[in-house]
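Text of coords_6.txt, listed as compact mmCIF, C-alpha atoms and all ligand atoms:
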```
# COMPACT_ATOMS: atom_id res chain seq x y z
CA MET A 790 -11.14 10.82 24.77
CA SER A 791 -10.38 8.35 21.98
CA GLN A 792 -8.83 5.02 22.85
CA LEU A 793 -5.58 6.06 21.22
CA GLU A 794 -5.41 9.38 23.09
CA ASN A 795 -5.76 7.45 26.31
CA ARG A 796 -3.02 4.98 25.34
CA ILE A 797 -0.71 7.82 24.35
CA LYS A 798 -1.11 9.28 27.83
CA VAL A 799 -0.66 6.02 29.70
CA GLU A 800 2.13 4.61 27.52
CA ARG A 801 3.96 7.84 26.76
CA GLU A 802 7.40 6.34 27.47
CA ASN A 803 6.71 3.48 25.03
CA LEU A 804 5.90 5.75 22.12
CA PRO A 805 8.34 5.52 19.22
CA LYS A 806 10.93 8.29 19.32
CA HIS A 807 11.65 8.01 15.62
CA ILE A 808 9.31 6.84 12.84
CA ALA A 809 10.58 6.57 9.25
CA PHE A 810 8.41 6.38 6.13
CA ILE A 811 8.94 4.81 2.72
CA MET A 812 6.38 6.85 0.78
CA ASP A 813 5.48 4.44 -2.00
CA GLY A 814 2.51 4.40 -4.36
CA ASN A 815 2.25 8.00 -5.59
CA GLY A 816 2.49 6.96 -9.25
CA ARG A 817 -0.13 4.21 -8.98
CA TRP A 818 -2.45 6.50 -7.01
CA ALA A 819 -2.28 9.03 -9.85
CA GLN A 820 -2.68 6.35 -12.52
CA GLN A 821 -5.88 5.15 -10.82
CA ARG A 822 -7.22 8.67 -11.37
CA LYS A 823 -5.91 8.85 -14.96
CA MET A 824 -3.64 11.67 -13.90
CA PRO A 825 0.11 12.23 -14.46
CA ARG A 826 2.58 10.89 -11.90
CA SER A 827 3.37 14.44 -10.80
CA PHE A 828 -0.22 14.72 -9.52
CA GLY A 829 0.52 11.73 -7.28
CA HIS A 830 3.73 13.29 -5.97
CA ASN A 831 1.89 16.50 -5.08
CA ALA A 832 -0.71 14.44 -3.24
CA GLY A 833 2.20 12.62 -1.62
CA LEU A 834 3.54 15.90 -0.28
CA ASP A 835 0.09 16.56 1.23
CA ALA A 836 0.19 13.14 2.91
CA MET A 837 3.60 14.01 4.32
CA ARG A 838 2.08 17.17 5.79
CA ARG A 839 -0.68 15.08 7.42
CA VAL A 840 1.92 12.84 9.03
CA ILE A 841 3.87 15.82 10.37
CA ARG A 842 0.70 17.34 11.85
CA PHE A 843 -0.70 14.15 13.32
CA TYR A 844 2.45 12.51 14.71
CA GLY A 845 3.89 15.91 15.63
CA GLU A 846 0.89 16.47 17.85
CA VAL A 847 1.10 12.98 19.30
CA GLY A 848 4.62 13.96 20.41
CA ILE A 849 6.85 11.81 18.17
CA LYS A 850 10.23 13.54 18.19
CA VAL A 851 11.78 12.42 14.87
CA LEU A 852 10.03 11.76 11.56
CA SER A 853 12.09 10.64 8.56
CA PHE A 854 10.78 10.57 4.99
CA TYR A 855 12.38 8.72 2.06
CA ALA A 856 11.71 11.31 -0.64
CA PHE A 857 14.32 10.53 -3.33
CA SER A 858 16.59 7.49 -3.49
CA THR A 859 19.99 7.12 -5.15
CA GLU A 860 18.14 4.90 -7.66
CA ASN A 861 15.42 7.46 -8.48
CA TRP A 862 17.71 9.25 -11.00
CA LYS A 863 16.78 6.42 -13.40
CA ARG A 864 13.26 7.88 -13.79
CA SER A 865 12.41 10.15 -16.73
CA GLN A 866 14.09 13.56 -16.76
CA ARG A 867 10.64 15.09 -16.46
CA GLU A 868 9.80 13.18 -13.29
CA VAL A 869 13.25 13.78 -11.77
CA ASN A 870 12.84 17.51 -12.41
CA PHE A 871 9.46 17.46 -10.76
CA LEU A 872 10.78 15.62 -7.71
CA MET A 873 13.68 18.09 -7.46
CA ASN A 874 11.14 20.90 -7.17
CA LEU A 875 9.25 19.37 -4.24
CA PRO A 876 11.69 20.51 -1.54
CA ILE A 877 11.43 24.05 -2.96
CA ASP A 878 7.61 23.94 -2.79
CA PHE A 879 7.68 22.45 0.68
CA ILE A 880 10.04 25.06 2.09
CA GLU A 881 8.33 27.98 0.36
CA GLN A 882 4.86 26.93 1.49
CA ASP A 883 5.44 25.25 4.83
CA LEU A 884 8.22 27.18 6.55
CA PRO A 885 5.79 29.29 8.66
CA GLU A 886 4.04 26.12 9.86
CA LEU A 887 7.35 24.39 10.60
CA MET A 888 8.36 27.39 12.71
CA GLU A 889 5.03 27.35 14.53
CA ARG A 890 5.46 23.66 15.31
CA GLY A 891 9.03 24.13 16.48
CA ALA A 892 10.13 21.70 13.78
CA ARG A 893 13.73 21.44 12.63
CA LEU A 894 14.48 20.39 9.07
CA ILE A 895 17.48 18.15 8.37
CA TYR A 896 18.52 15.84 5.51
CA SER A 897 20.02 12.43 4.98
CA GLY A 898 21.76 11.52 1.75
CA ASP A 899 24.45 12.77 -0.61
CA LEU A 900 23.45 16.36 -1.29
CA THR A 901 26.49 17.07 -3.47
CA LYS A 902 24.50 15.87 -6.50
CA ILE A 903 21.39 17.99 -5.90
CA PRO A 904 20.74 20.89 -8.37
CA LYS A 905 21.72 24.27 -6.95
CA LYS A 906 18.24 25.77 -6.88
CA THR A 907 16.89 22.82 -4.89
CA LEU A 908 19.88 22.71 -2.58
CA ASP A 909 19.67 26.45 -1.89
CA ALA A 910 16.05 26.06 -0.77
CA MET A 911 16.95 23.01 1.33
CA ARG A 912 19.76 24.90 3.05
CA ARG A 913 17.48 27.87 3.62
CA GLY A 914 14.94 25.63 5.36
CA GLU A 915 17.65 23.95 7.41
CA LYS A 916 19.10 27.28 8.52
CA ALA A 917 15.77 28.91 9.33
CA THR A 918 14.70 25.99 11.54
CA ALA A 919 18.09 25.18 13.10
CA GLN A 920 17.13 26.42 16.57
CA ASN A 921 13.80 24.55 16.71
CA ASN A 922 13.60 21.72 19.19
CA ASP A 923 10.16 20.17 19.36
CA LEU A 924 10.27 17.92 16.31
CA ILE A 925 12.92 16.85 13.80
CA ILE A 926 11.87 16.31 10.20
CA ASN A 927 14.55 14.38 8.35
CA ILE A 928 14.16 14.25 4.59
CA ALA A 929 16.16 11.51 2.89
CA PHE A 930 17.09 12.97 -0.49
CA ASN A 931 19.44 11.32 -2.94
CA TYR A 932 19.66 8.79 -0.14
CA GLY A 933 20.80 5.18 -0.31
CA GLY A 934 21.65 3.04 2.71
CA ARG A 935 24.65 1.44 1.01
CA ASP A 936 25.85 4.84 -0.19
CA GLU A 937 25.58 6.25 3.34
CA ILE A 938 27.63 3.36 4.77
CA ILE A 939 30.33 3.72 2.09
CA ARG A 940 30.49 7.51 2.60
CA GLY A 941 30.79 6.87 6.35
CA ILE A 942 33.63 4.35 5.90
CA ARG A 943 35.47 6.75 3.60
CA ALA A 944 35.12 9.64 6.07
CA MET A 945 36.27 7.44 8.93
CA ALA A 946 39.28 6.13 6.95
CA LEU A 947 40.30 9.70 6.08
CA GLU A 948 40.17 10.73 9.70
CA HIS A 949 41.93 7.70 11.18
CA LYS A 950 44.45 7.05 8.35
CA GLU A 951 46.67 4.08 9.33
CA GLY A 952 44.77 3.59 12.63
CA PHE A 953 41.57 2.94 10.66
CA LEU A 954 41.32 -0.85 11.06
CA GLN A 955 42.08 -0.58 14.76
CA ALA A 956 39.33 2.01 15.20
CA LEU A 957 36.70 0.25 13.06
CA ASN A 958 33.80 -0.91 15.20
CA GLU A 959 30.01 -0.48 15.10
CA GLU A 960 29.88 2.40 17.53
CA ASP A 961 32.60 4.44 15.87
CA LEU A 962 31.44 3.85 12.31
CA GLY A 963 27.96 4.91 13.45
CA LYS A 964 29.44 8.32 14.26
CA PHE A 965 30.37 8.83 10.60
CA LEU A 966 26.90 8.20 9.21
CA ASP A 967 24.67 11.11 8.17
CA HIS A 968 22.98 11.73 11.54
CA PRO A 969 24.68 9.97 14.45
CA GLU A 970 22.71 12.20 16.84
CA LEU A 971 19.36 10.65 15.85
CA PRO A 972 17.98 7.56 17.58
CA ASP A 973 17.56 4.62 15.19
CA PRO A 974 14.01 4.41 13.84
CA ASP A 975 11.78 2.44 16.21
CA LEU A 976 9.37 1.91 13.36
CA ILE A 977 9.65 1.94 9.57
CA VAL A 978 6.37 2.26 7.68
CA ARG A 979 6.08 1.41 3.98
CA THR A 980 2.95 2.13 1.99
CA GLY A 981 2.10 0.84 -1.49
CA GLY A 982 2.10 -2.92 -0.92
CA GLU A 983 5.78 -3.86 -1.40
CA GLN A 984 7.44 -5.49 1.58
CA ARG A 985 11.06 -4.43 1.35
CA LEU A 986 13.41 -1.67 2.53
CA SER A 987 14.67 -0.62 -0.93
CA ASN A 988 18.04 0.59 0.38
CA PHE A 989 16.49 2.74 3.14
CA PHE A 990 18.29 3.08 6.50
CA LEU A 991 20.10 -0.26 6.11
CA TRP A 992 22.34 0.40 9.11
CA GLN A 993 19.73 2.06 11.31
CA ALA A 994 17.01 -0.55 10.63
CA ALA A 995 18.83 -3.31 12.55
CA TYR A 996 16.12 -3.50 15.25
CA SER A 997 13.35 -1.39 13.73
CA GLU A 998 9.82 -2.68 13.75
CA LEU A 999 8.40 -2.81 10.23
CA PHE A 1000 4.86 -1.94 9.19
CA PHE A 1001 3.65 -2.58 5.64
CA THR A 1002 0.33 -1.49 4.22
CA GLU A 1003 -1.32 -1.87 0.83
CA GLU A 1004 -2.60 1.72 0.95
CA TYR A 1005 -0.93 4.10 -1.46
CA TRP A 1006 1.02 6.90 0.22
CA PRO A 1007 -1.39 9.72 -0.82
CA ASP A 1008 -4.23 7.77 0.85
CA LEU A 1009 -2.56 7.87 4.24
CA ASN A 1010 -5.05 9.38 6.68
CA GLU A 1011 -5.43 9.87 10.42
CA GLU A 1012 -7.30 6.61 10.82
CA LEU A 1013 -4.39 4.65 9.37
CA LEU A 1014 -1.86 6.69 11.34
CA GLU A 1015 -3.75 5.77 14.54
CA LYS A 1016 -3.79 2.13 13.52
CA ILE A 1017 -0.03 2.15 12.84
CA LEU A 1018 0.70 3.61 16.26
CA GLY A 1019 -1.68 1.24 18.04
CA ASP A 1020 -0.08 -1.72 16.26
CA TYR A 1021 3.38 -0.55 17.31
CA LEU A 1022 2.32 -0.18 20.96
CA ASP A 1023 1.04 -3.78 20.90
CA ARG A 1024 4.45 -5.14 19.92
CA ASN A 1025 6.99 -6.51 22.35
CA ARG A 1026 10.47 -5.34 21.42
CA ARG A 1027 13.30 -7.52 22.67
CA PHE A 1028 16.38 -6.25 20.76
CA GLY A 1029 17.78 -9.78 20.57
CA GLY A 1030 17.24 -10.41 24.30
CA LEU A 1031 14.44 -12.39 25.95
C1 LIG L 1101 7.52 6.69 -4.54
O1 LIG L 1101 6.29 6.47 -5.19
C2 LIG L 1101 7.63 8.10 -4.17
C3 LIG L 1101 8.62 8.95 -4.54
C4 LIG L 1101 9.77 8.53 -5.38
C5 LIG L 1101 8.62 10.36 -4.14
C6 LIG L 1101 8.02 10.65 -2.81
C7 LIG L 1101 8.07 12.08 -2.47
C8 LIG L 1101 7.07 12.71 -1.80
C9 LIG L 1101 5.84 12.02 -1.37
C10 LIG L 1101 7.18 14.14 -1.39
C11 LIG L 1101 8.56 14.55 -1.04
C12 LIG L 1101 8.58 15.81 -0.33
C13 LIG L 1101 9.66 16.59 -0.17
C14 LIG L 1101 9.53 17.79 0.67
C15 LIG L 1101 10.94 16.34 -0.81
P1 LIG L 1101 6.32 5.97 -6.70
O2 LIG L 1101 6.42 7.16 -7.57
O3 LIG L 1101 7.43 4.98 -6.85
O4 LIG L 1101 4.92 5.27 -6.81
P2 LIG L 1101 4.59 3.99 -7.70
O5 LIG L 1101 5.36 2.84 -7.09
O6 LIG L 1101 3.13 3.83 -7.54
O7 LIG L 1101 5.01 4.29 -9.10
```
Take the structure in this file and express it as C-alpha cells.
Amino acid sequence: MSQLENRIKVERENLPKHIAFIMDGNGRWAQQRKMPRSFGHNAGLDAMRRVIRFYGEVGIKVLSFYAFSTENWKRSQREVNFLMNLPIDFIEQDLPELMERGARLIYSGDLTKIPKKTLDAMRRGEKATAQNNDLIINIAFNYGGRDEIIRGIRAMALEHKEGFLQALNEEDLGKFLDHPELPDPDLIVRTGGEQRLSNFFLWQAAYSELFFTEEYWPDLNEELLEKILGDYLDRNRRFGGL
C-alpha cells in the first residue's frame, strides 16, 4: 500500500470535503508545443478527467473547476467559441462515466449569458445526473466571485424588500449564493505559476487552504495530485482560533 493510501485510511475524517481548481496554463502548455491554444484546452479537459478519476476514487465529495470566468469573454471570438464547446464535448463523451461514478454535475456562475447550444448540453448533463450522490462536480462557467455576491445581494433584496437591511448577515446572504448546500472549499489549487484567486470563490475562500504550483494545468498527473493531498493533510487548520 502506498504511503498516501495508508494516510487516506487513517486520516479519512481529515480529508478535504471540497477541493476547487483554478485550471491555469493551458495556453502556455500549447505554445510550448507550437500548437494552437485550443489544443491546450483539450488537454486541459483531459487533466480535469484525471482529477475526477483520482480524487473521486480517494473519496473527495465535491470537486469544483473554474472553467470560464466572467472576464474570459475578452478573449478572441475564436477562443471563446472553442471554450463554449467544451461543456458539450464533456457531456457527450463523459456522461456514461459520470453515471458509473455516481457523479452529479452542477454549475456555478451566471448561465443566462451562455449560448443556447452549450446551455442545453449543460442542462442535459445536470438533469441526467441529478440523482447521483457519490461525487459532486461543480463547473464554474461564466463565473466571477464578485458577480456571484452581487447576484446574491440582489436576490436577497428582492425577497426581503424593506426588511432587507435587517435580514442582511453572513449566514443569510450565504443562502443566496449559487450553491449554499456545498461546503466551502477546504483547498483551492491553482496551476500555472500565478499566485492569486482571479475572482474565484471570493466569498467561499475565506478559510480555504491555498496550493500554488508552477506546473501547467494539462501537466497535472497523479503524482502531483498525491503531493497536493499530502501537503493538505500536513497543514493545521485553525479557522481563526488557536
Ligand atoms: C486558463 O488557461 C484556462 C481556461 C480559461 C479554460 C479551462 C477549461 C478547461 C481546462 C476545460 C473546461 C471543461 C469543461 C467541461 C467546461 P489559459 O488559457 O489562461 O492559459 P495561459 O495562462 O497559459 O494562457
request  = Could I get the residue neighbourhood of ligand LIG 1101 (chain L) at 9 Å, counting only C-alpha atoms and all ligand atoms, as a PyMOL selection string?
outcome  = chain A and resi 811-820+826-827+829-837+854-858+861+868-869+872-880+928-930+981+983+1005-1007
Neighbour list for A:Ile926 as a ChimeraX atom specification, cut-off 12 Å, only C-alpha atoms, skip fewer than 5 positions in-chain = /A:807-810,837-838,840-842,844-845,849-856,887-888,890-897,914-915,918-919,921,971
Interatomic distance, atom CA of A:Tyr932 to atom CA of A:Asp899 (Å, one decimal) = 6.2 Å
Atomic distance atom CA of A:Leu954 - atom CA of A:Pro969, expressed in Å with one decimal =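 Atom CA of A:Pro969 lies 20.1 Å from atom CA of A:Leu954.
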ask   = Just how far from atom CA of A:Ala956 is atom CA of A:Asp973, in Å to one decimal?
value =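 Interatomic distance, atom CA of A:Asp973 to atom CA of A:Ala956: 21.9 Å.
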Excluding same-chain residues fewer than 2 positions from A:Leu1018, what lies within 12 Å of it counting only C-alpha atoms, as a PDB file with C-alpha atoms, in the coordinates of the input?
```pdb
ATOM      1  CA  GLN A 792      -8.830   5.020  22.850  1.00  0.00           C
ATOM      2  CA  LEU A 793      -5.580   6.060  21.220  1.00  0.00           C
ATOM      3  CA  GLU A 794      -5.410   9.380  23.090  1.00  0.00           C
ATOM      4  CA  ARG A 796      -3.020   4.980  25.340  1.00  0.00           C
ATOM      5  CA  ILE A 797      -0.710   7.820  24.350  1.00  0.00           C
ATOM      6  CA  GLU A 800       2.130   4.610  27.520  1.00  0.00           C
ATOM      7  CA  ARG A 801       3.960   7.840  26.760  1.00  0.00           C
ATOM      8  CA  ASN A 803       6.710   3.480  25.030  1.00  0.00           C
ATOM      9  CA  LEU A 804       5.900   5.750  22.120  1.00  0.00           C
ATOM     10  CA  PRO A 805       8.340   5.520  19.220  1.00  0.00           C
ATOM     11  CA  LYS A 806      10.930   8.290  19.320  1.00  0.00           C
ATOM     12  CA  HIS A 807      11.650   8.010  15.620  1.00  0.00           C
ATOM     13  CA  ILE A 808       9.310   6.840  12.840  1.00  0.00           C
ATOM     14  CA  VAL A 840       1.920  12.840   9.030  1.00  0.00           C
ATOM     15  CA  PHE A 843      -0.700  14.150  13.320  1.00  0.00           C
ATOM     16  CA  TYR A 844       2.450  12.510  14.710  1.00  0.00           C
ATOM     17  CA  VAL A 847       1.100  12.980  19.300  1.00  0.00           C
ATOM     18  CA  GLY A 848       4.620  13.960  20.410  1.00  0.00           C
ATOM     19  CA  ILE A 849       6.850  11.810  18.170  1.00  0.00           C
ATOM     20  CA  ASP A 975      11.780   2.440  16.210  1.00  0.00           C
ATOM     21  CA  LEU A 976       9.370   1.910  13.360  1.00  0.00           C
ATOM     22  CA  ILE A 977       9.650   1.940   9.570  1.00  0.00           C
ATOM     23  CA  VAL A 978       6.370   2.260   7.680  1.00  0.00           C
ATOM     24  CA  GLU A 998       9.820  -2.680  13.750  1.00  0.00           C
ATOM     25  CA  LEU A 999       8.400  -2.810  10.230  1.00  0.00           C
ATOM     26  CA  PHE A1000       4.860  -1.940   9.190  1.00  0.00           C
ATOM     27  CA  GLU A1011      -5.430   9.870  10.420  1.00  0.00           C
ATOM     28  CA  GLU A1012      -7.300   6.610  10.820  1.00  0.00           C
ATOM     29  CA  LEU A1013      -4.390   4.650   9.370  1.00  0.00           C
ATOM     30  CA  LEU A1014      -1.860   6.690  11.340  1.00  0.00           C
ATOM     31  CA  GLU A1015      -3.750   5.770  14.540  1.00  0.00           C
ATOM     32  CA  LYS A1016      -3.790   2.130  13.520  1.00  0.00           C
ATOM     33  CA  ASP A1020      -0.080  -1.720  16.260  1.00  0.00           C
ATOM     34  CA  TYR A1021       3.380  -0.550  17.310  1.00  0.00           C
ATOM     35  CA  LEU A1022       2.320  -0.180  20.960  1.00  0.00           C
ATOM     36  CA  ASP A1023       1.040  -3.780  20.900  1.00  0.00           C
ATOM     37  CA  ARG A1024       4.450  -5.140  19.920  1.00  0.00           C
TER      38      ARG A1024
END
```
Show which residues sit within 9 Å of A:Gln993, as a short mmCIF file (atom, residue, chain, number, x, y, z; two decimals) with C-alpha atoms, keeping the file's coordinate frame. Count all atoms listed in the file, and ignore same-chain residues fewer than 4 positions away.
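Result file is result_1.cif:
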```cif
data_model
loop_
_atom_site.label_atom_id
_atom_site.label_comp_id
_atom_site.auth_asym_id
_atom_site.auth_seq_id
_atom_site.Cartn_x
_atom_site.Cartn_y
_atom_site.Cartn_z
CA GLY A 934 21.65 3.04 2.71
CA GLY A 963 27.96 4.91 13.45
CA PRO A 972 17.98 7.56 17.58
CA ASP A 973 17.56 4.62 15.19
CA PRO A 974 14.01 4.41 13.84
CA PHE A 989 16.49 2.74 3.14
CA SER A 997 13.35 -1.39 13.73
#
```
inquiry  = Need to verify the contact set: A:Arg940, 10 Å, only C-alpha atoms, exclusion of same-chain residues closer than 4 positions in sequence. Can you return it as a list in words?
reply    = Gly898, Asp899, Gly934, Arg935, Asp936, Ala944, Met945, Ala946, Phe965, Leu966 and Asp967 of chain A
Residues within 9 Å of (16.1, -1.1, -4.3), counting only C-alpha atoms, listed as a list in words = Ser858, Glu860, Gly933, Arg985, Leu986, Ser987, Asn988 and Phe989 of chain A
Any chance you could export the current selection's C-alpha atoms as a CSV table (one decimal), in the frame of the given file?
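Output contents, as saved in out.csv:
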```csv
chain,number,residue,atom,x,y,z
A,858,SER,CA,16.6,7.5,-3.5
A,860,GLU,CA,18.1,4.9,-7.7
A,933,GLY,CA,20.8,5.2,-0.3
A,985,ARG,CA,11.1,-4.4,1.4
A,986,LEU,CA,13.4,-1.7,2.5
A,987,SER,CA,14.7,-0.6,-0.9
A,988,ASN,CA,18.0,0.6,0.4
A,989,PHE,CA,16.5,2.7,3.1
```
query = Smallest atom-to-atom distance to A:His968: which of A:Thr907, A:Ser791, A:Asn927, A:Ser865, using all atoms listed in the file?
reply =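 Under the stated criterion, the closest residue is A:Asn927.
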